[in-house]
$ cat structure-v9.pdb   # PDB, C-alpha atoms, pLDDT in the B column
ATOM      1  CA  MET A   1     121.076 108.809 133.704  1.00 38.00           C
ATOM      2  CA  ARG A   2     118.007 108.097 131.581  1.00 37.00           C
ATOM      3  CA  THR A   3     117.828 111.709 130.471  1.00 43.00           C
ATOM      4  CA  LEU A   4     121.481 111.662 129.461  1.00 41.00           C
ATOM      5  CA  ASN A   5     120.982 108.535 127.326  1.00 51.00           C
ATOM      6  CA  SER A   6     117.920 110.076 125.679  1.00 47.00           C
ATOM      7  CA  LYS A   7     119.862 113.213 124.834  1.00 49.00           C
ATOM      8  CA  GLN A   8     122.761 111.182 123.456  1.00 50.00           C
ATOM      9  CA  THR A   9     120.373 109.156 121.297  1.00 54.00           C
ATOM     10  CA  ALA A  10     118.670 112.320 120.039  1.00 56.00           C
ATOM     11  CA  LEU A  11     122.026 113.871 119.129  1.00 51.00           C
ATOM     12  CA  SER A  12     123.106 110.743 117.314  1.00 75.00           C
ATOM     13  CA  THR A  13     119.826 110.611 115.395  1.00 77.00           C
ATOM     14  CA  ASP A  14     120.190 114.297 114.544  1.00 81.00           C
ATOM     15  CA  ASP A  15     123.704 113.597 113.296  1.00 83.00           C
ATOM     16  CA  TYR A  16     122.406 110.836 111.027  1.00 83.00           C
ATOM     17  CA  LEU A  17     119.736 113.159 109.677  1.00 84.00           C
ATOM     18  CA  ASP A  18     122.303 115.907 109.052  1.00 86.00           C
ATOM     19  CA  LEU A  19     124.480 113.428 107.186  1.00 86.00           C
ATOM     20  CA  TYR A  20     121.484 112.262 105.198  1.00 85.00           C
ATOM     21  CA  LEU A  21     120.697 115.833 104.154  1.00 88.00           C
ATOM     22  CA  LEU A  22     124.326 116.329 103.185  1.00 88.00           C
ATOM     23  CA  ALA A  23     124.286 113.129 101.102  1.00 88.00           C
ATOM     24  CA  LYS A  24     121.033 114.245  99.500  1.00 89.00           C
ATOM     25  CA  GLY A  25     122.514 117.690  98.797  1.00 91.00           C
ATOM     26  CA  ILE A  26     125.454 116.193  96.929  1.00 92.00           C
ATOM     27  CA  LYS A  27     123.141 113.642  95.268  1.00 91.00           C
ATOM     28  CA  ASP A  28     124.963 110.595  96.631  1.00 90.00           C
ATOM     29  CA  GLU A  29     122.153 108.033  96.664  1.00 91.00           C
ATOM     30  CA  LYS A  30     124.360 105.172  97.817  1.00 93.00           C
ATOM     31  CA  TRP A  31     125.440 107.144 100.874  1.00 88.00           C
ATOM     32  CA  GLN A  32     121.809 108.120 101.561  1.00 89.00           C
ATOM     33  CA  HIS A  33     120.808 104.447 101.622  1.00 90.00           C
ATOM     34  CA  GLU A  34     123.746 103.581 103.894  1.00 87.00           C
ATOM     35  CA  ILE A  35     122.764 106.334 106.328  1.00 85.00           C
ATOM     36  CA  LEU A  36     119.105 105.270 106.352  1.00 86.00           C
ATOM     37  CA  SER A  37     120.148 101.658 106.929  1.00 85.00           C
ATOM     38  CA  ALA A  38     122.425 102.633 109.828  1.00 83.00           C
ATOM     39  CA  LEU A  39     119.685 104.777 111.368  1.00 84.00           C
ATOM     40  CA  LYS A  40     117.132 101.975 111.070  1.00 82.00           C
ATOM     41  CA  THR A  41     119.546  99.517 112.686  1.00 80.00           C
ATOM     42  CA  LYS A  42     120.145 101.958 115.530  1.00 79.00           C
ATOM     43  CA  GLN A  43     116.424 102.462 116.084  1.00 78.00           C
ATOM     44  CA  ASN A  44     115.790  98.697 116.023  1.00 75.00           C
ATOM     45  CA  ARG A  45     118.469  98.126 118.656  1.00 78.00           C
ATOM     46  CA  SER A  46     116.973 100.850 120.828  1.00 78.00           C
ATOM     47  CA  PHE A  47     113.498  99.295 120.584  1.00 78.00           C
ATOM     48  CA  GLU A  48     114.855  95.805 121.312  1.00 79.00           C
ATOM     49  CA  ASP A  49     116.742  97.076 124.365  1.00 82.00           C
ATOM     50  CA  LYS A  50     113.619  98.777 125.706  1.00 83.00           C
ATOM     51  CA  GLN A  51     111.426  95.709 125.100  1.00 82.00           C
ATOM     52  CA  SER A  52     113.981  93.423 126.697  1.00 81.00           C
ATOM     53  CA  ALA A  53     114.134  95.655 129.783  1.00 85.00           C
ATOM     54  CA  LEU A  54     110.325  95.754 129.920  1.00 85.00           C
ATOM     55  CA  VAL A  55     110.080  91.948 129.789  1.00 85.00           C
ATOM     56  CA  ARG A  56     112.690  91.616 132.572  1.00 88.00           C
ATOM     57  CA  GLU A  57     110.788  94.138 134.709  1.00 90.00           C
ATOM     58  CA  ILE A  58     107.477  92.335 134.207  1.00 89.00           C
ATOM     59  CA  TRP A  59     109.121  88.994 135.089  1.00 90.00           C
ATOM     60  CA  GLU A  60     110.484  90.490 138.319  1.00 92.00           C
ATOM     61  CA  ASP A  61     107.010  91.799 139.200  1.00 92.00           C
ATOM     62  CA  PHE A  62     105.544  88.402 138.354  1.00 90.00           C
ATOM     63  CA  LYS A  63     107.996  86.555 140.621  1.00 94.00           C
ATOM     64  CA  GLN A  64     107.296  88.949 143.495  1.00 95.00           C
ATOM     65  CA  LEU A  65     103.573  88.569 142.952  1.00 95.00           C
ATOM     66  CA  ASN A  66     103.843  84.775 143.120  1.00 94.00           C
ATOM     67  CA  GLU A  67     105.702  85.093 146.420  1.00 96.00           C
ATOM     68  CA  ASP A  68     102.926  87.360 147.727  1.00 96.00           C
ATOM     69  CA  ILE A  69     100.306  84.824 146.631  1.00 95.00           C
ATOM     70  CA  SER A  70     102.183  81.999 148.346  1.00 95.00           C
ATOM     71  CA  PHE A  71     102.459  84.021 151.556  1.00 96.00           C
ATOM     72  CA  THR A  72      98.755  84.896 151.441  1.00 95.00           C
ATOM     73  CA  TYR A  73      97.863  81.216 150.976  1.00 94.00           C
ATOM     74  CA  ARG A  74      99.790  80.411 154.152  1.00 94.00           C
ATOM     75  CA  LEU A  75      97.893  83.138 156.002  1.00 94.00           C
ATOM     76  CA  ILE A  76      94.589  81.722 154.757  1.00 93.00           C
ATOM     77  CA  GLN A  77      95.573  78.255 155.959  1.00 94.00           C
ATOM     78  CA  GLU A  78      96.091  79.699 159.428  1.00 93.00           C
ATOM     79  CA  GLU A  79      92.843  81.732 159.344  1.00 92.00           C
ATOM     80  CA  PRO A  80      90.512  80.262 156.672  1.00 90.00           C
ATOM     81  CA  THR A  81      87.605  82.575 157.522  1.00 90.00           C
ATOM     82  CA  ASN A  82      89.563  85.827 157.379  1.00 92.00           C
ATOM     83  CA  GLU A  83      87.840  87.876 154.651  1.00 94.00           C
ATOM     84  CA  ARG A  84      90.716  90.321 154.400  1.00 95.00           C
ATOM     85  CA  PHE A  85      93.093  87.530 153.378  1.00 94.00           C
ATOM     86  CA  GLN A  86      90.547  86.190 150.886  1.00 93.00           C
ATOM     87  CA  ALA A  87      90.119  89.650 149.338  1.00 95.00           C
ATOM     88  CA  ARG A  88      93.887  90.097 149.148  1.00 95.00           C
ATOM     89  CA  LEU A  89      94.239  86.755 147.378  1.00 94.00           C
ATOM     90  CA  ARG A  90      91.572  87.713 144.808  1.00 95.00           C
ATOM     91  CA  HIS A  91      93.346  91.006 144.171  1.00 96.00           C
ATOM     92  CA  LEU A  92      96.723  89.246 143.741  1.00 96.00           C
ATOM     93  CA  ARG A  93      95.237  86.727 141.318  1.00 94.00           C
ATOM     94  CA  GLU A  94      93.715  89.532 139.232  1.00 95.00           C
ATOM     95  CA  ARG A  95      97.069  91.309 139.202  1.00 94.00           C
ATOM     96  CA  ARG A  96      98.771  88.097 138.039  1.00 93.00           C
ATOM     97  CA  ILE A  97      96.345  87.847 135.121  1.00 94.00           C
ATOM     98  CA  THR A  98      97.110  91.452 134.177  1.00 93.00           C
ATOM     99  CA  LEU A  99     100.863  90.858 134.371  1.00 92.00           C
ATOM    100  CA  SER A 100     100.520  87.721 132.257  1.00 90.00           C
ATOM    101  CA  ARG A 101      98.805  89.754 129.557  1.00 92.00           C
ATOM    102  CA  GLU A 102     101.444  92.480 129.737  1.00 89.00           C
ATOM    103  CA  LEU A 103     104.198  89.894 129.431  1.00 87.00           C
ATOM    104  CA  TYR A 104     102.501  88.223 126.471  1.00 87.00           C
ATOM    105  CA  LEU A 105     102.066  91.556 124.655  1.00 87.00           C
ATOM    106  CA  ALA A 106     105.635  92.702 125.346  1.00 83.00           C
ATOM    107  CA  LYS A 107     107.054  89.429 124.052  1.00 80.00           C
ATOM    108  CA  LYS A 108     104.737  89.525 121.027  1.00 82.00           C
ATOM    109  CA  GLN A 109     105.820  93.068 120.126  1.00 80.00           C
ATOM    110  CA  TYR A 110     109.464  92.080 120.485  1.00 74.00           C
ATOM    111  CA  VAL A 111     109.052  89.033 118.223  1.00 73.00           C
ATOM    112  CA  GLU A 112     107.061  90.976 115.616  1.00 76.00           C
ATOM    113  CA  HIS A 113     109.641  93.739 115.581  1.00 71.00           C
ATOM    114  CA  THR A 114     112.592  91.378 115.149  1.00 68.00           C
ATOM    115  CA  GLN A 115     111.054  89.480 112.208  1.00 68.00           C
TER     116      GLN A 115
END
$ encode --input "structure-v9.pdb" --output "structure tokens"
Amino acid sequence: MRTLNSKQTALSTDDYLDLYLLAKGIKDEKWQHEILSALKTKQNRSFEDKQSALVREIWEDFKQLNEDISFTYRLIQEEPTNERFQARLRHLRERRITLSRELYLAKKQYVEHTQ
């Protein structure tokens, strides 16, 4: 389904560009500006949709990661000297830091793009 949407978007963008060339050919500057504005709006919506989906995906990963951390804490409480559990917890904490950065950057890009 992703491929189909990409092809539909490409065709629509191509259509806008064809219309723009037609408007340019008949020297209709007002129409050219309208077409460029519509194309920019379309591209902005596409970017916003992708960023929004990315933020949702990162949040889902973050929630799952927190559940994994909580579970690992319980395992450590049962076996405090188990090095494997300790190593797993360190790895999960590092992953949470990485996800936090990814979430921050995705939100920042979204905000910058919408301003």
$ residues_around --input "structure-v9.pdb" --residues "stretch 24-37 of chain A" --least-positions-apart "5" --cutoff "12 Å" --atoms "only C-alpha atoms" --output "list in words"
Ser12, Thr13, Asp14, Asp15, Tyr16, Leu17, Asp18, Leu19, Lys42, Gln43 and Asn44 of chain A
$ closest_residue --input "structure-v9.pdb" --among "A:Leu92, A:Leu22, A:Ala87, A:Leu39" --to "A:Leu65" --atoms "all atoms listed in the file"
A:Leu92
$ residues_around --input "structure-v9.pdb" --residues "A:Leu75" --least-positions-apart "5" --cutoff "12 Å" --atoms "only C-alpha atoms" --output "list in words"
Asp68, Ile69, Ser70, Pro80, Thr81, Asn82, Glu83, Arg84, Phe85, Gln86, Arg88 and Leu89 of chain A
$ closest_residue --input "structure-v9.pdb" --among "A:Arg45, A:Glu102, A:Arg93, A:Tyr20" --to "A:Glu57" --atoms "all atoms listed in the file"
A:Glu102
$ atom_distance --input "structure-v9.pdb" --atom1 "atom CA of A:Arg96" --atom2 "atom CA of A:Glu60"
12.0 Å
$ atom_distance --input "structure-v9.pdb" --atom1 "atom CA of A:Phe62" --atom2 "atom CA of A:His113"
23.7 Å
$ resolve_selection --input "structure-v9.pdb" --expression "the PyMOL selection byres ((chain A and resi 105-108) around 12)" --output "ChimeraX atom specification"
/A:47-59,98-104,109-115
$ atom_distance --input "structure-v9.pdb" --atom1 "atom CA of A:Arg95" --atom2 "atom CA of A:Gln77"
21.3 Å
$ axis_aligned_box --input "structure-v9.pdb" --around "stretch 99-102 of chain A" --padding-each-side "3 Å" --output "lines of an AutoDock Vina configuration file"
center_x = 100.1
center_y = 90.1
center_z = 132.0
size_x = 8.6
size_y = 10.8
size_z = 10.8
$ build_atoms --input "structure-v9.pdb" --residues "stretch 16-27 of chain A" --atoms "all heavy atoms" --output "PDB file, in the frame of the given file"
ATOM      1  N   TYR A  16     122.750 111.649 112.198  1.00 83.00           N
ATOM      2  CA  TYR A  16     122.406 110.836 111.027  1.00 83.00           C
ATOM      3  C   TYR A  16     121.557 111.635 110.042  1.00 83.00           C
ATOM      4  O   TYR A  16     121.770 111.573 108.832  1.00 83.00           O
ATOM      5  CB  TYR A  16     121.639 109.577 111.434  1.00 83.00           C
ATOM      6  CG  TYR A  16     122.506 108.437 111.887  1.00 83.00           C
ATOM      7  CD1 TYR A  16     122.492 108.010 113.209  1.00 83.00           C
ATOM      8  CD2 TYR A  16     123.327 107.764 110.990  1.00 83.00           C
ATOM      9  CE1 TYR A  16     123.283 106.955 113.626  1.00 83.00           C
ATOM     10  CE2 TYR A  16     124.126 106.706 111.396  1.00 83.00           C
ATOM     11  CZ  TYR A  16     124.099 106.308 112.718  1.00 83.00           C
ATOM     12  OH  TYR A  16     124.877 105.254 113.114  1.00 83.00           O
ATOM     13  N   LEU A  17     120.596 112.377 110.561  1.00 84.00           N
ATOM     14  CA  LEU A  17     119.736 113.159 109.677  1.00 84.00           C
ATOM     15  C   LEU A  17     120.522 114.269 108.969  1.00 84.00           C
ATOM     16  O   LEU A  17     120.293 114.541 107.790  1.00 84.00           O
ATOM     17  CB  LEU A  17     118.559 113.734 110.462  1.00 84.00           C
ATOM     18  CG  LEU A  17     117.587 112.686 111.017  1.00 84.00           C
ATOM     19  CD1 LEU A  17     116.542 113.361 111.903  1.00 84.00           C
ATOM     20  CD2 LEU A  17     116.934 111.889 109.907  1.00 84.00           C
ATOM     21  N   ASP A  18     121.447 114.895 109.689  1.00 86.00           N
ATOM     22  CA  ASP A  18     122.303 115.907 109.052  1.00 86.00           C
ATOM     23  C   ASP A  18     123.139 115.290 107.935  1.00 86.00           C
ATOM     24  O   ASP A  18     123.273 115.865 106.845  1.00 86.00           O
ATOM     25  CB  ASP A  18     123.229 116.564 110.089  1.00 86.00           C
ATOM     26  CG  ASP A  18     122.485 117.506 111.027  1.00 86.00           C
ATOM     27  OD1 ASP A  18     121.335 117.907 110.691  1.00 86.00           O
ATOM     28  OD2 ASP A  18     123.027 117.824 112.106  1.00 86.00           O
ATOM     29  N   LEU A  19     123.689 114.107 108.215  1.00 86.00           N
ATOM     30  CA  LEU A  19     124.480 113.428 107.186  1.00 86.00           C
ATOM     31  C   LEU A  19     123.616 113.049 105.988  1.00 86.00           C
ATOM     32  O   LEU A  19     124.047 113.152 104.839  1.00 86.00           O
ATOM     33  CB  LEU A  19     125.155 112.171 107.764  1.00 86.00           C
ATOM     34  CG  LEU A  19     126.307 112.419 108.722  1.00 86.00           C
ATOM     35  CD1 LEU A  19     126.754 111.101 109.358  1.00 86.00           C
ATOM     36  CD2 LEU A  19     127.466 113.088 108.001  1.00 86.00           C
ATOM     37  N   TYR A  20     122.396 112.623 106.278  1.00 85.00           N
ATOM     38  CA  TYR A  20     121.484 112.262 105.198  1.00 85.00           C
ATOM     39  C   TYR A  20     121.204 113.474 104.305  1.00 85.00           C
ATOM     40  O   TYR A  20     121.234 113.373 103.076  1.00 85.00           O
ATOM     41  CB  TYR A  20     120.178 111.702 105.765  1.00 85.00           C
ATOM     42  CG  TYR A  20     119.186 111.351 104.684  1.00 85.00           C
ATOM     43  CD1 TYR A  20     119.281 110.150 104.004  1.00 85.00           C
ATOM     44  CD2 TYR A  20     118.167 112.240 104.330  1.00 85.00           C
ATOM     45  CE1 TYR A  20     118.390 109.819 102.998  1.00 85.00           C
ATOM     46  CE2 TYR A  20     117.269 111.927 103.320  1.00 85.00           C
ATOM     47  CZ  TYR A  20     117.384 110.713 102.663  1.00 85.00           C
ATOM     48  OH  TYR A  20     116.503 110.401 101.653  1.00 85.00           O
ATOM     49  N   LEU A  21     120.949 114.613 104.932  1.00 88.00           N
ATOM     50  CA  LEU A  21     120.697 115.833 104.154  1.00 88.00           C
ATOM     51  C   LEU A  21     121.925 116.230 103.339  1.00 88.00           C
ATOM     52  O   LEU A  21     121.797 116.696 102.196  1.00 88.00           O
ATOM     53  CB  LEU A  21     120.261 116.974 105.080  1.00 88.00           C
ATOM     54  CG  LEU A  21     118.876 116.812 105.708  1.00 88.00           C
ATOM     55  CD1 LEU A  21     118.611 117.942 106.705  1.00 88.00           C
ATOM     56  CD2 LEU A  21     117.789 116.768 104.632  1.00 88.00           C
ATOM     57  N   LEU A  22     123.098 116.036 103.917  1.00 88.00           N
ATOM     58  CA  LEU A  22     124.326 116.329 103.185  1.00 88.00           C
ATOM     59  C   LEU A  22     124.451 115.397 101.976  1.00 88.00           C
ATOM     60  O   LEU A  22     124.738 115.847 100.863  1.00 88.00           O
ATOM     61  CB  LEU A  22     125.547 116.176 104.104  1.00 88.00           C
ATOM     62  CG  LEU A  22     126.913 116.377 103.467  1.00 88.00           C
ATOM     63  CD1 LEU A  22     127.056 117.798 102.915  1.00 88.00           C
ATOM     64  CD2 LEU A  22     128.018 116.080 104.460  1.00 88.00           C
ATOM     65  N   ALA A  23     124.209 114.101 102.199  1.00 88.00           N
ATOM     66  CA  ALA A  23     124.286 113.129 101.102  1.00 88.00           C
ATOM     67  C   ALA A  23     123.259 113.462 100.025  1.00 88.00           C
ATOM     68  O   ALA A  23     123.541 113.353  98.827  1.00 88.00           O
ATOM     69  CB  ALA A  23     124.060 111.720 101.640  1.00 88.00           C
ATOM     70  N   LYS A  24     122.081 113.873 100.456  1.00 89.00           N
ATOM     71  CA  LYS A  24     121.033 114.245  99.500  1.00 89.00           C
ATOM     72  C   LYS A  24     121.460 115.488  98.711  1.00 89.00           C
ATOM     73  O   LYS A  24     121.246 115.570  97.497  1.00 89.00           O
ATOM     74  CB  LYS A  24     119.714 114.503 100.239  1.00 89.00           C
ATOM     75  CG  LYS A  24     118.555 114.750  99.329  1.00 89.00           C
ATOM     76  CD  LYS A  24     117.274 114.910 100.135  1.00 89.00           C
ATOM     77  CE  LYS A  24     116.108 115.173  99.213  1.00 89.00           C
ATOM     78  NZ  LYS A  24     114.848 115.298  99.938  1.00 89.00           N
ATOM     79  N   GLY A  25     122.072 116.447  99.435  1.00 91.00           N
ATOM     80  CA  GLY A  25     122.514 117.690  98.797  1.00 91.00           C
ATOM     81  C   GLY A  25     123.563 117.460  97.722  1.00 91.00           C
ATOM     82  O   GLY A  25     123.584 118.163  96.707  1.00 91.00           O
ATOM     83  N   ILE A  26     124.423 116.473  97.940  1.00 92.00           N
ATOM     84  CA  ILE A  26     125.454 116.193  96.929  1.00 92.00           C
ATOM     85  C   ILE A  26     125.020 115.059  95.992  1.00 92.00           C
ATOM     86  O   ILE A  26     125.800 114.584  95.178  1.00 92.00           O
ATOM     87  CB  ILE A  26     126.818 115.864  97.583  1.00 92.00           C
ATOM     88  CG1 ILE A  26     126.725 114.614  98.465  1.00 92.00           C
ATOM     89  CG2 ILE A  26     127.344 117.057  98.368  1.00 92.00           C
ATOM     90  CD1 ILE A  26     128.086 114.135  98.987  1.00 92.00           C
ATOM     91  N   LYS A  27     123.764 114.656  96.137  1.00 91.00           N
ATOM     92  CA  LYS A  27     123.141 113.642  95.268  1.00 91.00           C
ATOM     93  C   LYS A  27     123.880 112.300  95.273  1.00 91.00           C
ATOM     94  O   LYS A  27     124.035 111.659  94.247  1.00 91.00           O
ATOM     95  CB  LYS A  27     123.017 114.169  93.845  1.00 91.00           C
ATOM     96  CG  LYS A  27     122.091 115.366  93.738  1.00 91.00           C
ATOM     97  CD  LYS A  27     122.008 115.850  92.323  1.00 91.00           C
ATOM     98  CE  LYS A  27     121.079 116.970  92.059  1.00 91.00           C
ATOM     99  NZ  LYS A  27     120.772 117.978  92.970  1.00 91.00           N
TER     100      LYS A  27
END
